[in-house]
Each structure stands twice: as structure tokens, then as C-alpha cells.
Amino acid sequence: MWTIASDIDGTLTGDRESLDQLTRRIHQLRSTGQAYLIFSTGRRLDQVLAGVAKEGLPEPDAVLCQVGTEVYLPPLTEHSKPLEAWRSHLLQTYSREEAESFLSGIDGLEMQPDEFNTELKTSCYLDRCPDPDSAALEVRRRVELHADRYQVIWSSGRDLDILPAAAGKGKAIRFLVRLMNLDAQRVVVAGDTGNDATMFEEFRCGVVVANARSELVELARSLGEDGVYLAQRPHAGGVEEGLKHLGVFDGDVT
Ligand SMILES: [Mg+2]
């Protein structure tokens with residue numbers, strides 16, 4: 001059985017027709033016990049469920065929200081609570097107050113709305129800073145001294161998150177793989193921006209869609225592994241192309 005761990009926005013969404021086709025293929029695999037689907041996203045759980053209901057996303061087996069700081073297992077409803085074991089593990093080393101202190105005095109920085117700021121994720125926008133990349137570098141420099149407890153995720157030239165060092169998409173998937181006793185050798189990931197980077201670093205097997213940000217393309221190239229596939233096609237079409245290339249899908253059945 002394959003574990004498919006995919007980002008949602010920009011990776012699966014963006015081309016409804018291709019997504020419908022990919023959803024059919026994933027559904028086939030899941031219904032015959034050949035795939036376990038994890039969404040790994042910056043979205044909240046209710047936004048993920050709305051995506052399944054209205055945007056054509058396939059039904060997942062597990063959902064990692066808020067950039068790998070929250071883990072949700074079925075039954076998935078908008079009232080589901082994140083898995084306590086992961087939450088308490090991360091809370092041991094994370095202080096929201098301290099995380100916020102790394103952001104003080106950065107010119108042009110704006111905090112993200114409350115819904116994207118949680119007890120385990122401190123998030124801001126840097127796109128109004130005079131030089132967003134240097135601002136991100138400055139936050140990185142401040143956090144570096146506390147790298148045993150915090151990490152910085154810089155994505156899309158806009159979003160900066162300060163997460164627990166033990167969190168992030170890649171580590172959350174690893175946690176789930178152990179928890180659910182999944183085959184760690186058969187995990188494929190898919191993404192399009194910098195906040196997906198940790199998935200590729202952790203598993204070194206996956207698909208970077210053609211519309212990906214250069215930050216992720218560069219990382220994929222630097223990994224230089226056979227397992228990281230740069231798709232020719234954007235969005236869900238690229239994911240399908242990559243899953244075919246990596247042997248998750250075979251044949252032309254759609
Ligand atoms: Mg994305």
C-alpha cells in the first residue's frame with residue numbers, strides 16, 4: 001500500500017478537470033486498500049472538508065492542518081479535535097509568546113488573521129516589507145539560536161510561520177506513518193511551495209508540480225534523488241503524471 005501525502009492549494013487545486021481525474025484514480029486505489037491518503041496543508045480542517053464537498057478533492061484518510069501542527073484522524077467533521085498526543089508533544093517546547101518575540105520590530109510585517117495563528121503556529125505576512133527575503137532572513141537569524149525548539153518556514157514570498165522544531169509537514173507525516181504502521185518506504189509526497197519542503201527532505205520521494213515556486217524546485221534539484229520528480233504539468237495533472245512516473249499508478253485506467 002502506498003501512502004500519498006499531498007499539499008492542497010496550488011498542488012491539487014487550480015485545474016478542476018485534472019483534479020476530477022486524479023480524484024477518480026485515488027479513489028480507485030483507496031477503495032481496494034492500495035493507498036492511504038494524507039492531506040498536508042495550511043488550511044483549517046473545516047476548509048479541507050469544504051474542499052472535499054465543493055472543490056472535488058478526494059476523501060482523505062488523515063489530515064494534517066496548519067503546516068503540520070495539527071493531526072486529524074477519522075471520523076473527520078468540522079468539530080473534530082486535533083490528536084492530543086501530537087499536540088502535547090509539540091507544546092512541550094513551544095512558547096507562543098517567545099515565538100512572537102522573534103517577529104518584533106520588523107518593518108512592514110503584518111500578522112496573519114487569528115484563524116492561522118494558533119497555540120503552535122505563529123504566522124505573519126512579509127510581502128509588504130521593503131525586502132521580504134531579507135526580512136525572512138532576519139527572522140531566521142533570530143530563531144537560529146533557538147533551533148532546538150523553533151523553526152521558520154518561509155513560503156510563497158509572503159507567508160512566514162514559526163513552528164515547533166518538532167513540527168512541520170514532513171515530521172507530522174513521519175509521526176502518522178509510525179502511528180498508523182504505514183510502510184515508510186512507500187510514501188510519496190506532492191507540493192508546490194516552500195512550506196512543502198520538509199516533506200521532500202523527510203521522504204525524498206515525491207512530485208513537484210510544474211507551477212511550483214522556485215524555492216521548492218531548487219530544493220528538489222538539490223536533493224538530486226531519483227525519487228523527486230519535477231512534473232511537466234501543473235496542479236493535479238502534474239500530481240497524476242508524477243504518481244504514474246513513481247509507480248503508484250500503473251496502466252491507463254481512469
Ligand atoms: Mg500549496
# chains A, B, ... in the order shown; residues from 1 in each chain; ligands from 1
>>> residues_near_ligand(ligand="ligand 1", cutoff="7 Å", atoms="only C-alpha atoms and all ligand atoms", output="tab-separated table (two decimals) with N, CA and C atoms, in the first residue's frame")
chain	number	residue	atom	x	y	z
A	7	ASP	N	0.01	18.24	-0.41
A	7	ASP	CA	-0.45	19.59	-0.14
A	7	ASP	C	-1.76	19.78	-0.93
A	8	ILE	N	-2.55	20.77	-0.58
A	8	ILE	CA	-3.81	21.01	-1.32
A	8	ILE	C	-3.68	22.20	-2.27
A	9	ASP	N	-3.50	23.40	-1.70
A	9	ASP	CA	-3.64	24.60	-2.53
A	9	ASP	C	-2.47	24.79	-3.50
A	10	GLY	N	-2.82	24.92	-4.77
A	10	GLY	CA	-1.80	25.07	-5.81
A	10	GLY	C	-1.28	23.73	-6.30
A	11	THR	N	-1.31	22.72	-5.44
A	11	THR	CA	-0.82	21.40	-5.83
A	11	THR	C	-1.98	20.58	-6.41
A	191	GLY	N	3.84	18.64	-3.72
A	191	GLY	CA	3.75	20.01	-3.23
A	191	GLY	C	4.10	21.05	-4.28
A	192	ASP	N	3.95	22.32	-3.88
A	192	ASP	CA	4.23	23.42	-4.82
A	192	ASP	C	4.97	24.61	-4.22
A	193	THR	N	5.11	24.69	-2.88
A	193	THR	CA	5.81	25.87	-2.33
A	193	THR	C	6.76	25.46	-1.20
>>> closest_atom_pairs(of="stretch 52-165 of chain A", to="stretch 209-222 of chain A", cutoff="10 Å", atoms="only C-alpha atoms", output="Markdown table")
| residue | atom | partner | partner_atom | distance |
| --- | --- | --- | --- | --- |
| A:Trp154 | CA | A:Glu215 | CA | 9.3 |
| A:Ser155 | CA | A:Glu215 | CA | 7.9 |
| A:Ser156 | CA | A:Arg213 | CA | 6.8 |
| A:Gly157 | CA | A:Arg213 | CA | 9.2 |
>>> atom_distance(atom1="atom CA of A:Ser40", atom2="atom CA of A:Ser6")
5.6 Å
>>> select_by_dssp(residues="stretch 143-225 of chain A", states="strand (DSSP E)", output="list in words")
Tyr150, Gln151, Val152, Ile153, Trp154, Ser155, Asp159, Leu160, Asp161, Ile162, Leu163, Pro164, Val187, Val188, Val189, Ala190, Gly191, Gly206, Val207 and Val208 of chain A
>>> write_last_selection(atoms="C-alpha atoms", output="PDB file, in the first residue's frame")
ATOM      1  CA  TYR A 150      11.676  26.542  16.865  1.00  0.00           C
ATOM      2  CA  GLN A 151      11.839  26.504  13.085  1.00  0.00           C
ATOM      3  CA  VAL A 152      10.995  29.064  10.421  1.00  0.00           C
ATOM      4  CA  ILE A 153       9.004  28.168   7.320  1.00  0.00           C
ATOM      5  CA  TRP A 154       9.205  30.786   4.545  1.00  0.00           C
ATOM      6  CA  SER A 155       6.834  30.267   1.655  1.00  0.00           C
ATOM      7  CA  ASP A 159       3.919  33.585   4.416  1.00  0.00           C
ATOM      8  CA  LEU A 160       6.275  33.122   7.320  1.00  0.00           C
ATOM      9  CA  ASP A 161       5.489  30.611  10.081  1.00  0.00           C
ATOM     10  CA  ILE A 162       7.339  29.954  13.305  1.00  0.00           C
ATOM     11  CA  LEU A 163       6.598  26.361  14.289  1.00  0.00           C
ATOM     12  CA  PRO A 164       7.892  23.993  16.946  1.00  0.00           C
ATOM     13  CA  VAL A 187       5.482   7.270   0.968  1.00  0.00           C
ATOM     14  CA  VAL A 188       5.122   9.745  -1.909  1.00  0.00           C
ATOM     15  CA  VAL A 189       4.617  13.442  -1.295  1.00  0.00           C
ATOM     16  CA  ALA A 190       3.387  16.258  -3.544  1.00  0.00           C
ATOM     17  CA  GLY A 191       3.747  20.006  -3.233  1.00  0.00           C
ATOM     18  CA  GLY A 206       7.546  12.830  -4.460  1.00  0.00           C
ATOM     19  CA  VAL A 207       6.220  15.146  -7.114  1.00  0.00           C
ATOM     20  CA  VAL A 208       6.863  18.849  -7.575  1.00  0.00           C
TER      21      VAL A 208
END
>>> select_by_dssp(residues="stretch 18-180 of chain A", states="helix (DSSP H, G or I)", output="JSON, numbers by chain")
{"A": [18, 19, 20, 21, 22, 23, 24, 25, 26, 27, 28, 29, 30, 31, 45, 46, 47, 48, 49, 50, 51, 52, 53, 54, 84, 85, 86, 87, 88, 89, 90, 91, 96, 97, 98, 99, 100, 101, 114, 115, 116, 132, 133, 134, 135, 136, 137, 138, 139, 140, 141, 142, 143, 144, 169, 170, 171, 172, 173, 174, 175, 176, 177, 178, 179]}
>>> residues_around(residues="stretch 48-55 of chain A", least_positions_apart="2", cutoff="8 Å", atoms="only C-alpha atoms", output="PDB file with C-alpha atoms, in the first residue's frame")
ATOM      1  CA  THR A  13      -6.331  22.799  -6.818  1.00  0.00           C
ATOM      2  CA  ARG A  16     -10.696  21.195 -11.818  1.00  0.00           C
ATOM      3  CA  ARG A  43      -5.805  25.056   5.707  1.00  0.00           C
ATOM      4  CA  ARG A  44      -8.006  24.534   8.754  1.00  0.00           C
ATOM      5  CA  LEU A  45      -9.908  21.246   8.926  1.00  0.00           C
ATOM      6  CA  ASP A  46     -13.293  22.799   8.069  1.00  0.00           C
ATOM      7  CA  LEU A  57     -10.786  16.948  -3.544  1.00  0.00           C
ATOM      8  CA  PRO A  58     -10.605  13.208  -2.858  1.00  0.00           C
ATOM      9  CA  GLU A  59     -11.692  11.945   0.546  1.00  0.00           C
ATOM     10  CA  LEU A  76     -13.425  13.850  10.168  1.00  0.00           C
ATOM     11  CA  THR A  77     -16.021  16.504  10.915  1.00  0.00           C
ATOM     12  CA  GLU A  78     -15.754  20.231  11.414  1.00  0.00           C
TER      13      GLU A  78
END
>>> closest_residue(among="A:Leu109, A:Ile38, A:Val228, A:Cys65", to="A:Gly168", atoms="only C-alpha atoms")
A:Cys65
>>> residues_around(residues="A:Arg142", least_positions_apart="4", cutoff="12 Å", atoms="only C-alpha atoms", output="PDB file with N, CA and C atoms, in the first residue's frame")
ATOM      1  N   GLU A  98       7.215  33.568  23.166  1.00  0.00           N
ATOM      2  CA  GLU A  98       8.601  33.638  22.704  1.00  0.00           C
ATOM      3  C   GLU A  98       8.650  33.669  21.175  1.00  0.00           C
ATOM      4  N   ALA A  99       7.793  32.858  20.537  1.00  0.00           N
ATOM      5  CA  ALA A  99       7.757  32.841  19.067  1.00  0.00           C
ATOM      6  C   ALA A  99       7.426  34.220  18.519  1.00  0.00           C
ATOM      7  N   GLU A 100       6.463  34.892  19.152  1.00  0.00           N
ATOM      8  CA  GLU A 100       6.086  36.243  18.703  1.00  0.00           C
ATOM      9  C   GLU A 100       7.233  37.227  18.880  1.00  0.00           C
ATOM     10  N   SER A 101       8.049  37.009  19.906  1.00  0.00           N
ATOM     11  CA  SER A 101       9.144  37.947  20.171  1.00  0.00           C
ATOM     12  C   SER A 101      10.157  37.968  19.017  1.00  0.00           C
ATOM     13  N   PHE A 102      10.246  36.864  18.256  1.00  0.00           N
ATOM     14  CA  PHE A 102      11.190  36.830  17.122  1.00  0.00           C
ATOM     15  C   PHE A 102      10.733  37.742  15.978  1.00  0.00           C
ATOM     16  N   LEU A 103       9.472  38.176  16.024  1.00  0.00           N
ATOM     17  CA  LEU A 103       8.922  38.975  14.927  1.00  0.00           C
ATOM     18  C   LEU A 103       8.915  40.468  15.227  1.00  0.00           C
ATOM     19  N   SER A 104       9.371  40.849  16.426  1.00  0.00           N
ATOM     20  CA  SER A 104       9.194  42.246  16.825  1.00  0.00           C
ATOM     21  C   SER A 104      10.102  43.182  16.028  1.00  0.00           C
ATOM     22  N   ILE A 106      10.036  44.226  12.941  1.00  0.00           N
ATOM     23  CA  ILE A 106      10.346  44.029  11.512  1.00  0.00           C
ATOM     24  C   ILE A 106       9.429  44.940  10.688  1.00  0.00           C
ATOM     25  N   ALA A 135      13.821  40.219   5.201  1.00  0.00           N
ATOM     26  CA  ALA A 135      13.064  40.179   6.457  1.00  0.00           C
ATOM     27  C   ALA A 135      12.983  38.733   6.954  1.00  0.00           C
ATOM     28  N   ALA A 136      12.730  37.805   6.030  1.00  0.00           N
ATOM     29  CA  ALA A 136      12.657  36.381   6.407  1.00  0.00           C
ATOM     30  C   ALA A 136      14.006  35.910   6.946  1.00  0.00           C
ATOM     31  N   LEU A 137      15.051  36.383   6.310  1.00  0.00           N
ATOM     32  CA  LEU A 137      16.412  36.008   6.744  1.00  0.00           C
ATOM     33  C   LEU A 137      16.696  36.516   8.163  1.00  0.00           C
ATOM     34  N   GLU A 138      16.215  37.736   8.435  1.00  0.00           N
ATOM     35  CA  GLU A 138      16.409  38.310   9.769  1.00  0.00           C
ATOM     36  C   GLU A 138      15.682  37.467  10.831  1.00  0.00           C
ATOM     37  N   HIS A 146      17.742  29.367  18.734  1.00  0.00           N
ATOM     38  CA  HIS A 146      16.782  28.527  19.468  1.00  0.00           C
ATOM     39  C   HIS A 146      16.306  27.382  18.574  1.00  0.00           C
ATOM     40  N   ALA A 147      17.188  26.951  17.699  1.00  0.00           N
ATOM     41  CA  ALA A 147      16.807  25.963  16.669  1.00  0.00           C
ATOM     42  C   ALA A 147      16.401  24.617  17.259  1.00  0.00           C
ATOM     43  N   TYR A 150      12.504  25.854  17.865  1.00  0.00           N
ATOM     44  CA  TYR A 150      11.676  26.542  16.865  1.00  0.00           C
ATOM     45  C   TYR A 150      12.257  26.354  15.470  1.00  0.00           C
ATOM     46  N   GLN A 151      11.374  26.460  14.472  1.00  0.00           N
ATOM     47  CA  GLN A 151      11.839  26.504  13.085  1.00  0.00           C
ATOM     48  C   GLN A 151      11.030  27.542  12.320  1.00  0.00           C
ATOM     49  N   VAL A 152      11.647  28.061  11.263  1.00  0.00           N
ATOM     50  CA  VAL A 152      10.995  29.064  10.421  1.00  0.00           C
ATOM     51  C   VAL A 152      10.657  28.433   9.080  1.00  0.00           C
ATOM     52  N   ILE A 162       6.405  30.473  12.300  1.00  0.00           N
ATOM     53  CA  ILE A 162       7.339  29.954  13.305  1.00  0.00           C
ATOM     54  C   ILE A 162       6.640  28.782  13.990  1.00  0.00           C
TER      55      ILE A 162
END
>>> closest_residue(among="A:Asp250, A:Glu70, A:Glu241, A:Asp196", to="A:Thr118", atoms="only C-alpha atoms")
A:Glu70
>>> closest_residue(among="A:Arg87, A:Lys169, A:Arg158, A:Arg25", to="A:Asp133", atoms="only C-alpha atoms")
A:Arg158
>>> closest_residue(among="A:Gly227, A:Gly170, A:Gly105, A:Gly247", to="A:Leu64", atoms="only C-alpha atoms")
A:Gly170
>>> closest_atom_pairs(of="stretch 112-222 of chain A", to="stretch 31-34 of chain A", cutoff="12 Å", atoms="only C-alpha atoms", output="CSV")
residue,atom,partner,partner_atom,distance
A:Leu182,CA,A:Gln34,CA,11.6
A:Asp183,CA,A:Gln34,CA,11.7
A:Arg186,CA,A:Gln34,CA,10.9
>>> write_last_selection(atoms="C-alpha atoms", output="compact mmCIF listing (two decimals), in the first residue's frame")
# COMPACT_ATOMS: atom_id res chain seq x y z
CA LEU A 182 2.36 2.55 7.32
CA ASP A 183 5.26 1.46 5.11
CA ARG A 186 6.27 3.65 0.17
>>> residues_around(residues="A:Ile26", least_positions_apart="3", cutoff="8 Å", atoms="only C-alpha atoms", output="number ranges by chain")
A: 22-23, 29-30, 35, 58
